[in-house]
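Undergrad: Take this structure first; my questions come after.
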Amino acid sequence: MSEIAALDGIRVVELTHAIAGPHCGQILADHGADVIKVEPPDGELARLALPLDGDDSVYFASHNRGKRSITLDLKSPRGSEALKRLIAQSDVLLTNYTRDVPTRLGFGFDDVHAINPRIVMTHVTGFGQNAKNPNRRALDTTIQALSGIPDYTGTADSGPILVGAFLPDHIAAYNAALGTMMALRRRDLTGSGELVDVSMLHAYTATVAHAYHVALKGQPLPRVGNLVPTALTRSYQTADGGHVILAPLGRKKWEQFRNLIGLQGDIANLPYEVVLQEHRVETENLIADWVVRRDRDDVIALMDKNGITCGAILTSAEAAIAALDRDDGDLVTVTAPSGGEINVPGPWTNVGLSQSQRRLRIPVLGEDTQAVLSEIGME
């Protein structure tokens, strides 16, 4: 692995809270950026967010490794001056405060561009800079609701269902990190920084693929539970109470799969496309009858041996243990502010990772304040 991190020499001033902004900053820190997390004197609220491991927030630890923490009162003259000096000496300003907050506190894009024309400002908001209701508040769950995705997630009986993970927050963070790096590249070419406008709603709705188009054509996706309407993919219960996803896709795999499970009757001789379009329900009933007489791990072992796409539906504990067993960086152990250890998801790519000793630490509130103030001439 190269000792040169991808973002060595890049300084990021981070004014963020919760997930989307901090997680973007963590991505940049993972790849070598010097991320200075500016917190209010009593700390970012997420430092107290559930779940806790002792006195440490696992939530906070999942989005803030590898950063330096300083505390500033931005409403005070000294705090405001310190922020201006940081902006003057940095490459990126990252925030996910409500749209008007940066301008009110003196670090809107026009303000920072006047101080440092080369700086890139990345601003993550719920609805973007051109939203019709610019100051509307947003949380991950409200963004999920407005995307329309819960409308076709769940079953006919369950009603709309939200995704358990905070996906809009995380996807917005990835978009923000990618947008930041693109803006830095453009700055290399033009000499000027720019505003990277990231909308959580846009980030999440980009995942719906074909759903909007078919809805506009009067064919909204049905609420179908754990199956894929356009492919012979769904979940089945096993004899031991577990569940598996089976996906014998395409004519060749379907023929292999039906022979493997000994499917009988007229359906056994039909092409995949005909089964999918005209005989799906009765076919899946036959598959379900075969699966429910076997244990989950036995079904998976047989499918894996024969090259049929499948997956056990793991519990969260099983999935976490499997991630540890893979030992491929999916989970990393970080040192929490109290000195304890917390397991959190690892970097999203292995390209150009930081080798700094700081990379697996969560900063103690304000631990770097004096050092950073000294760096900008405010001892």
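Identifiers for the structure tokens are assigned positionally: chains receive A, B, ... in sequence, residues are indexed from 1 per chain, and ligands are indexed from 1 in the order shown.
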Need the shell around Phe109 of chain A: protein/DNA/RNA residues with any atom at most 9 Å away, counting only C-alpha atoms. Skip same-chain ones fewer than 5 positions apart. Format as a PyMOL selection string?
TA: chain A and resi 102-103+114+120-121+194-195
Undergrad: Those same residues - C-alpha atoms - I'd like them written as an mmCIF file, in the first residue's frame.
TA:
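Listing of selection_12.cif after writing:
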data_model
loop_
_atom_site.group_PDB
_atom_site.id
_atom_site.type_symbol
_atom_site.label_atom_id
_atom_site.label_comp_id
_atom_site.auth_asym_id
_atom_site.auth_seq_id
_atom_site.Cartn_x
_atom_site.Cartn_y
_atom_site.Cartn_z
ATOM 1 C CA PRO A 102 -23.832 29.743 7.148
ATOM 2 C CA THR A 103 -24.777 33.142 5.766
ATOM 3 C CA ALA A 114 -14.110 36.718 -0.689
ATOM 4 C CA VAL A 120 -14.321 24.772 -2.202
ATOM 5 C CA MET A 121 -17.469 24.996 -0.086
ATOM 6 C CA GLU A 194 -16.875 26.795 -6.093
ATOM 7 C CA LEU A 195 -19.970 25.784 -4.186
#
Undergrad: Please identify which residues in segment 66-184 of chain A DSSP calls alpha helix (DSSP H) from the backbone, and express them as JSON, numbers by chain.
TA: {"A": [77, 78, 79, 80, 81, 82, 83, 84, 85, 86, 87, 88, 101, 102, 103, 104, 109, 110, 111, 112, 113, 114, 115, 140, 141, 142, 143, 144, 145, 146, 147, 167, 168, 169, 170, 171, 172, 173, 174, 175, 176, 177, 178, 179, 180, 181, 182, 183, 184]}
Undergrad: Which distance in Å separates atom CA of Thr335 of chain A and atom CA of Arg361 of chain A, to one decimal?
TA: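 Result for atom CA of Thr335 of chain A versus atom CA of Arg361 of chain A: 4.8 Å, one decimal.
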Undergrad: Taking the DSSP secondary structure from the backbone, can you list the residues of segment 177-298 of chain A that are strand (DSSP E or B), as a list in words?
TA: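 Checking each residue of segment 177-298 of chain A, the strand (DSSP E or B) ones are Leu195, Val196, Asp197, Val198, Ser199, Leu227, Val228, Thr233, Arg234, Ser235, Tyr236, Gln237, His243, Val244, Ile245, Leu246 and Ala247 of chain A.
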Undergrad: Generate a file of the selected residues that holds N, CA and C atoms, formatted as a short mmCIF file (atom, residue, chain, number, x, y, z; two decimals), in the first residue's frame.
TA:
data_model
loop_
_atom_site.label_atom_id
_atom_site.label_comp_id
_atom_site.auth_asym_id
_atom_site.auth_seq_id
_atom_site.Cartn_x
_atom_site.Cartn_y
_atom_site.Cartn_z
N LEU A 195 -19.02 26.36 -5.12
CA LEU A 195 -19.97 25.78 -4.19
C LEU A 195 -20.43 24.43 -4.68
N VAL A 196 -20.31 23.41 -3.84
CA VAL A 196 -20.83 22.08 -4.12
C VAL A 196 -22.16 21.95 -3.38
N ASP A 197 -23.23 21.97 -4.12
CA ASP A 197 -24.59 21.96 -3.56
C ASP A 197 -25.12 20.53 -3.54
N VAL A 198 -25.27 19.95 -2.35
CA VAL A 198 -25.72 18.57 -2.23
C VAL A 198 -27.08 18.53 -1.54
N SER A 199 -28.05 17.96 -2.23
CA SER A 199 -29.40 17.78 -1.70
C SER A 199 -29.58 16.34 -1.25
N LEU A 227 -39.64 -9.47 -2.70
CA LEU A 227 -39.39 -10.00 -4.03
C LEU A 227 -39.10 -8.87 -4.99
N VAL A 228 -38.48 -9.21 -6.09
CA VAL A 228 -38.18 -8.22 -7.14
C VAL A 228 -39.18 -8.42 -8.27
N THR A 233 -36.73 -13.30 -8.14
CA THR A 233 -35.95 -13.14 -6.92
C THR A 233 -36.90 -12.87 -5.76
N ARG A 234 -36.78 -13.65 -4.69
CA ARG A 234 -37.59 -13.40 -3.50
C ARG A 234 -37.02 -14.18 -2.31
N SER A 235 -37.60 -13.91 -1.14
CA SER A 235 -37.17 -14.60 0.07
C SER A 235 -38.07 -15.80 0.34
N TYR A 236 -37.47 -16.80 1.02
CA TYR A 236 -38.21 -18.01 1.39
C TYR A 236 -37.82 -18.38 2.82
N GLN A 237 -38.80 -18.92 3.55
CA GLN A 237 -38.52 -19.38 4.91
C GLN A 237 -38.01 -20.80 4.89
N HIS A 243 -34.36 -17.41 6.85
CA HIS A 243 -34.86 -16.99 5.54
C HIS A 243 -33.69 -16.89 4.57
N VAL A 244 -33.97 -17.16 3.31
CA VAL A 244 -32.96 -17.04 2.26
C VAL A 244 -33.53 -16.26 1.10
N ILE A 245 -32.65 -15.62 0.36
CA ILE A 245 -33.00 -15.01 -0.93
C ILE A 245 -32.47 -15.92 -2.02
N LEU A 246 -33.32 -16.31 -2.94
CA LEU A 246 -32.90 -17.10 -4.09
C LEU A 246 -33.16 -16.30 -5.36
N ALA A 247 -32.19 -16.36 -6.28
CA ALA A 247 -32.29 -15.57 -7.52
C ALA A 247 -31.74 -16.35 -8.70
#
Undergrad: Looking at A:Ser90, A:Thr207, A:Thr190, A:Thr230, which one is nearest to Gly250 of chain A, with distances taken over only C-alpha atoms?
TA: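 Nearest to Gly250 of chain A: A:Thr230.
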Undergrad: List the spatial neighbours of segment 140-148 of chain A as a list in words - criterion: any atom at most 8 Å away, only C-alpha atoms, same-chain residues fewer than 4 positions off excluded.
TA: Gly126, Tyr152, Leu162, Val163, Phe166, Leu167, Pro168, Asp169, Met200, Leu201, Tyr204 and Thr205 of chain A
Undergrad: Include C-alpha atoms and write out the residues we just selected as a PDB file, in the first residue's frame.
TA:
ATOM      1  CA  GLY A 126     -32.218  18.490   2.808  1.00  0.00           C
ATOM      2  CA  TYR A 152     -43.407   0.488  -2.693  1.00  0.00           C
ATOM      3  CA  LEU A 162     -38.996   3.043   5.925  1.00  0.00           C
ATOM      4  CA  VAL A 163     -35.547   1.512   5.497  1.00  0.00           C
ATOM      5  CA  PHE A 166     -30.063   5.974   7.481  1.00  0.00           C
ATOM      6  CA  LEU A 167     -29.534   5.650   3.733  1.00  0.00           C
ATOM      7  CA  PRO A 168     -30.310   9.215   2.563  1.00  0.00           C
ATOM      8  CA  ASP A 169     -27.775  10.600   5.057  1.00  0.00           C
ATOM      9  CA  MET A 200     -30.251  14.780   0.465  1.00  0.00           C
ATOM     10  CA  LEU A 201     -33.542  14.364  -1.395  1.00  0.00           C
ATOM     11  CA  TYR A 204     -31.789   9.456  -2.349  1.00  0.00           C
ATOM     12  CA  THR A 205     -34.228   9.763  -5.258  1.00  0.00           C
TER      13      THR A 205
END
Undergrad: If we count only C-alpha atoms, what is near Leu178 of chain A at a cut-off of 10 Å, once residues fewer than 5 positions away on the same chain are taken out, given as a PyMOL selection string?
TA: chain A and resi 24+27-28+172-173+183-184+196
Undergrad: For each of A:Asn350, A:Gln26, A:Thr125, A:Thr16, take the minimum atom-to-atom distance to Pro40 of chain A, counting only C-alpha atoms, then give the residue where this is smallest.
TA: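 Of all the options, A:Thr16 lies closest to Pro40 of chain A.
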Undergrad: If we count only C-alpha atoms and set the cut-off at 7 Å, which residues sit around Ile376 of chain A, ignoring sequence neighbours fewer than 3 positions away in its own chain? Please answer as a PyMOL selection string.
TA: chain A and resi 85-86+372-373
Undergrad: Next, write the just-selected residues to a file, as a PDB file, in the first residue's frame, keeping all heavy atoms as the atom set.
TA:
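Writing done, so here's out37.pdb:
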ATOM      1  N   ARG A  85      -9.682  33.020   9.664  1.00  0.00           N
ATOM      2  CA  ARG A  85      -8.283  32.654   9.409  1.00  0.00           C
ATOM      3  C   ARG A  85      -8.171  31.202   8.932  1.00  0.00           C
ATOM      4  O   ARG A  85      -7.351  30.900   8.064  1.00  0.00           O
ATOM      5  CB  ARG A  85      -7.446  32.861  10.678  1.00  0.00           C
ATOM      6  CG  ARG A  85      -7.316  34.306  11.089  1.00  0.00           C
ATOM      7  CD  ARG A  85      -6.189  34.488  12.078  1.00  0.00           C
ATOM      8  NE  ARG A  85      -6.139  35.830  12.618  1.00  0.00           N
ATOM      9  CZ  ARG A  85      -5.136  36.319  13.355  1.00  0.00           C
ATOM     10  NH1 ARG A  85      -4.096  35.531  13.632  1.00  0.00           N
ATOM     11  NH2 ARG A  85      -5.168  37.536  13.825  1.00  0.00           N
ATOM     12  N   LEU A  86      -8.988  30.328   9.503  1.00  0.00           N
ATOM     13  CA  LEU A  86      -8.995  28.943   9.037  1.00  0.00           C
ATOM     14  C   LEU A  86      -9.418  28.868   7.573  1.00  0.00           C
ATOM     15  O   LEU A  86      -8.813  28.142   6.772  1.00  0.00           O
ATOM     16  CB  LEU A  86      -9.940  28.102   9.892  1.00  0.00           C
ATOM     17  CG  LEU A  86      -9.374  27.512  11.178  1.00  0.00           C
ATOM     18  CD1 LEU A  86     -10.498  26.865  11.979  1.00  0.00           C
ATOM     19  CD2 LEU A  86      -8.294  26.489  10.866  1.00  0.00           C
ATOM     20  N   VAL A 372      -4.310  24.173  16.723  1.00  0.00           N
ATOM     21  CA  VAL A 372      -4.819  24.779  15.493  1.00  0.00           C
ATOM     22  C   VAL A 372      -4.770  26.301  15.580  1.00  0.00           C
ATOM     23  O   VAL A 372      -4.380  26.980  14.613  1.00  0.00           O
ATOM     24  CB  VAL A 372      -6.247  24.282  15.185  1.00  0.00           C
ATOM     25  CG1 VAL A 372      -6.841  25.059  14.018  1.00  0.00           C
ATOM     26  CG2 VAL A 372      -6.238  22.784  14.877  1.00  0.00           C
ATOM     27  N   LEU A 373      -5.142  26.853  16.725  1.00  0.00           N
ATOM     28  CA  LEU A 373      -5.078  28.307  16.873  1.00  0.00           C
ATOM     29  C   LEU A 373      -3.648  28.809  16.712  1.00  0.00           C
ATOM     30  O   LEU A 373      -3.408  29.872  16.120  1.00  0.00           O
ATOM     31  CB  LEU A 373      -5.639  28.733  18.226  1.00  0.00           C
ATOM     32  CG  LEU A 373      -7.157  28.580  18.403  1.00  0.00           C
ATOM     33  CD1 LEU A 373      -7.578  29.005  19.798  1.00  0.00           C
ATOM     34  CD2 LEU A 373      -7.928  29.376  17.359  1.00  0.00           C
TER      35      LEU A 373
END
Undergrad: Could you list, as a PyMOL selection string, every residue within 12 Å of Val364 of chain A, counting only C-alpha atoms and ignoring same-chain residues fewer than 2 positions away?
TA: chain A and resi 37+39+42-44+47+56-57+60-61+64-71+335-339+358+361-362+366-369
Undergrad: For segment 80-84 of chain A, work out the shell of residues within 9 Å, counting only C-alpha atoms and skipping chain neighbours fewer than 2 positions away, then give it as a VMD selection string.
TA: chain A and resid 13 38 72 to 78 86 to 89 105 to 107 112 115 373 376 378
Undergrad: Put those residues in a file: C-alpha atoms, as a CSV table (one decimal), in the first residue's frame.
TA:
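Result went into part25.csv, see below:
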chain,number,residue,atom,x,y,z
A,13,VAL,CA,-12.7,23.0,7.9
A,38,VAL,CA,-15.1,22.9,14.5
A,72,LEU,CA,-15.1,27.9,18.8
A,73,ASP,CA,-17.9,30.2,19.7
A,74,LEU,CA,-18.7,31.5,16.3
A,75,LYS,CA,-21.0,34.3,17.7
A,76,SER,CA,-18.0,35.8,19.5
A,77,PRO,CA,-15.5,38.1,17.8
A,78,ARG,CA,-12.6,35.8,18.6
A,86,LEU,CA,-9.0,28.9,9.0
A,87,ILE,CA,-10.9,29.6,5.8
A,88,ALA,CA,-8.1,31.7,4.5
A,89,GLN,CA,-5.7,28.8,5.0
A,105,LEU,CA,-23.0,33.2,10.9
A,106,GLY,CA,-20.8,34.8,8.3
A,107,PHE,CA,-19.5,31.8,6.4
A,112,VAL,CA,-15.7,32.5,2.2
A,115,ILE,CA,-11.7,35.5,2.0
A,373,LEU,CA,-5.1,28.3,16.9
A,376,ILE,CA,-3.3,30.3,12.3
A,378,MET,CA,-3.9,33.1,17.3
Undergrad: So the first atom is atom CA of Gly311 of chain A and the second is atom CA of Ile161 of chain A; what is the distance between them in Å, to one decimal place?
TA: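 Distance reported for this atom pair: 22.1 Å.
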Undergrad: Counting only C-alpha atoms, which residue out of A:Leu360, A:Gly191, A:Thr122, A:Thr283 sits closest to Gly340 of chain A?
TA: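 Checking each of A:Leu360, A:Gly191, A:Thr122, A:Thr283 against Gly340 of chain A, counting only C-alpha atoms, the winner is A:Leu360.
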Undergrad: I'd like the interatomic distance between atom CA of Ser158 of chain A and atom CA of Val292 of chain A, to a tenth of an Å.
TA: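 Those two atoms sit 23.3 Å apart.
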Undergrad: Looking at only C-alpha atoms, which of A:Ala371, A:Ala6, A:Val92, A:Val101 is the one that sits closest to Gly193 of chain A?
TA: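 Nearest candidate to Gly193 of chain A out of A:Ala371, A:Ala6, A:Val92, A:Val101: A:Val92.
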